[in-house]
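**Q** My questions all concern the structure below.
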Amino acid sequence: MSGRGRIGVLTLAQMLEASQFAILVAEPGVGKSTAVARVLQDQGSWWRDARRSSKPDRAPYGPSMPIALPSESQPA
């Protein structure tokens, strides 16, 4: 995919590499929650095991720590 704002099919890694912010939209049951869990697992494991000399941009999805917020959570 080249250029900003273009719509196309990307792998999860490509999507997260292309933008710091991403929205995953798909029909029910196609694996959105599984994809988010995979990113959290991969990235969290990398950061957990990283050494001081590790370069953050070598993390699986770049120098970020993803978080997942359930849509049903609401402030008290």
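In the structure tokens, each chain is lettered A, B, ... as it comes, each chain's residues begin at 1, and ligands are numbered from 1 in order of appearance.
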How close does region 2-44 of chain A get to region 48-63 of chain A? List, as CSV, each residue of region 2-44 of chain A within 9 Å, its nearest atom pair and the distance in Å to one decimal, counting only C-alpha atoms.

**A**
residue,atom,partner,partner_atom,distance
A:Ala13,CA,A:Tyr61,CA,6.3
A:Gln14,CA,A:Tyr61,CA,8.9
A:Leu16,CA,A:Tyr61,CA,6.4
A:Glu17,CA,A:Tyr61,CA,6.5
A:Val39,CA,A:Tyr61,CA,7.7
A:Asp42,CA,A:Pro60,CA,6.7
A:Gln43,CA,A:Pro60,CA,6.0
A:Gly44,CA,A:Arg48,CA,6.0

**Q** Just to confirm, what's the straight-line distance from CA of Ser71 (chain A) to CA of Pro28 (chain A) in Å (one decimal)?

**A**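 Distance between the two atoms: 14.5 Å.
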
**Q** Calculate how many Å separate CA of Gly29 (chain A) from CA of Trp46 (chain A), rounding to one decimal.

**A**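 Distance between the two atoms: 27.7 Å.
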
**Q** May I have all residues of region 3-33 of chain A that DSSP, computed from the backbone, assigns to helix (DSSP H, G or I), given as an MDAnalysis selection string?

**A** chainID A and resid 12:18 32:33

**Q** Residues near region 23-25 of chain A, anyone? I mean within 10 Å using only C-alpha atoms, not counting same-chain ones fewer than 6 positions away, as a ChimeraX atom specification.

**A** /A:12,15-16,32-33,35-36

**Q** Would you save the residues from that selection as a PDB file, in the first residue's frame, using all heavy atoms?

**A**
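Just written: out_9.pdb:
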ATOM      1  N   LEU A  12      -1.601  -7.579   9.535  1.00  0.00           N
ATOM      2  CA  LEU A  12      -1.634  -6.858  10.798  1.00  0.00           C
ATOM      3  C   LEU A  12      -0.331  -6.096  11.015  1.00  0.00           C
ATOM      4  O   LEU A  12      -0.341  -4.932  11.400  1.00  0.00           O
ATOM      5  CB  LEU A  12      -1.891  -7.841  11.936  1.00  0.00           C
ATOM      6  CG  LEU A  12      -2.141  -7.272  13.301  1.00  0.00           C
ATOM      7  CD1 LEU A  12      -3.310  -6.300  13.278  1.00  0.00           C
ATOM      8  CD2 LEU A  12      -2.394  -8.385  14.293  1.00  0.00           C
ATOM      9  N   MET A  15      -0.244  -3.001   8.780  1.00  0.00           N
ATOM     10  CA  MET A  15      -1.150  -1.963   9.255  1.00  0.00           C
ATOM     11  C   MET A  15      -0.525  -1.185  10.408  1.00  0.00           C
ATOM     12  O   MET A  15      -0.544   0.034  10.432  1.00  0.00           O
ATOM     13  CB  MET A  15      -2.468  -2.594   9.710  1.00  0.00           C
ATOM     14  CG  MET A  15      -3.474  -1.592  10.241  1.00  0.00           C
ATOM     15  SD  MET A  15      -5.048  -2.346  10.700  1.00  0.00           S
ATOM     16  CE  MET A  15      -4.589  -3.338  12.097  1.00  0.00           C
ATOM     17  N   LEU A  16       0.067  -1.905  11.369  1.00  0.00           N
ATOM     18  CA  LEU A  16       0.640  -1.246  12.525  1.00  0.00           C
ATOM     19  C   LEU A  16       1.953  -0.548  12.196  1.00  0.00           C
ATOM     20  O   LEU A  16       2.314   0.426  12.844  1.00  0.00           O
ATOM     21  CB  LEU A  16       0.822  -2.257  13.660  1.00  0.00           C
ATOM     22  CG  LEU A  16      -0.498  -2.807  14.191  1.00  0.00           C
ATOM     23  CD1 LEU A  16      -0.252  -3.915  15.183  1.00  0.00           C
ATOM     24  CD2 LEU A  16      -1.353  -1.710  14.794  1.00  0.00           C
ATOM     25  N   LYS A  32     -10.966 -10.439  14.921  1.00  0.00           N
ATOM     26  CA  LYS A  32     -10.474  -9.140  15.421  1.00  0.00           C
ATOM     27  C   LYS A  32      -9.904  -9.289  16.827  1.00  0.00           C
ATOM     28  O   LYS A  32      -8.790  -8.835  17.096  1.00  0.00           O
ATOM     29  CB  LYS A  32     -11.594  -8.103  15.423  1.00  0.00           C
ATOM     30  CG  LYS A  32     -12.144  -7.759  14.056  1.00  0.00           C
ATOM     31  CD  LYS A  32     -13.281  -6.761  14.122  1.00  0.00           C
ATOM     32  CE  LYS A  32     -14.475  -7.237  14.893  1.00  0.00           C
ATOM     33  NZ  LYS A  32     -15.236  -8.342  14.321  1.00  0.00           N
ATOM     34  N   SER A  33     -10.628  -9.924  17.707  1.00  0.00           N
ATOM     35  CA  SER A  33     -10.155 -10.099  19.085  1.00  0.00           C
ATOM     36  C   SER A  33      -8.901 -10.956  19.133  1.00  0.00           C
ATOM     37  O   SER A  33      -7.979 -10.694  19.908  1.00  0.00           O
ATOM     38  CB  SER A  33     -11.246 -10.729  19.949  1.00  0.00           C
ATOM     39  OG  SER A  33     -12.353  -9.854  20.036  1.00  0.00           O
ATOM     40  N   ALA A  35      -6.672 -11.177  16.753  1.00  0.00           N
ATOM     41  CA  ALA A  35      -5.576 -10.350  16.231  1.00  0.00           C
ATOM     42  C   ALA A  35      -5.046  -9.407  17.308  1.00  0.00           C
ATOM     43  O   ALA A  35      -3.833  -9.263  17.479  1.00  0.00           O
ATOM     44  CB  ALA A  35      -6.049  -9.560  15.015  1.00  0.00           C
ATOM     45  N   VAL A  36      -5.944  -8.781  18.046  1.00  0.00           N
ATOM     46  CA  VAL A  36      -5.526  -7.870  19.114  1.00  0.00           C
ATOM     47  C   VAL A  36      -4.777  -8.642  20.190  1.00  0.00           C
ATOM     48  O   VAL A  36      -3.729  -8.208  20.672  1.00  0.00           O
ATOM     49  CB  VAL A  36      -6.743  -7.122  19.704  1.00  0.00           C
ATOM     50  CG1 VAL A  36      -6.370  -6.385  20.977  1.00  0.00           C
ATOM     51  CG2 VAL A  36      -7.312  -6.159  18.678  1.00  0.00           C
TER      52      VAL A  36
END

**Q** Determine the nearest neighbour of Pro70 (chain A) from the options A:Gly8, A:Ser45, A:Ala18, A:Ala37, counting only C-alpha atoms.

**A**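 Among the listed residues, the smallest separation from Pro70 (chain A) belongs to A:Ala37.
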
**Q** Could you tell me how far CA of Ile67 (chain A) sits from CA of Val30 (chain A), in Å to one decimal place?

**A**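 Separation between CA of Val30 (chain A) and CA of Ile67 (chain A): 20.4 Å.
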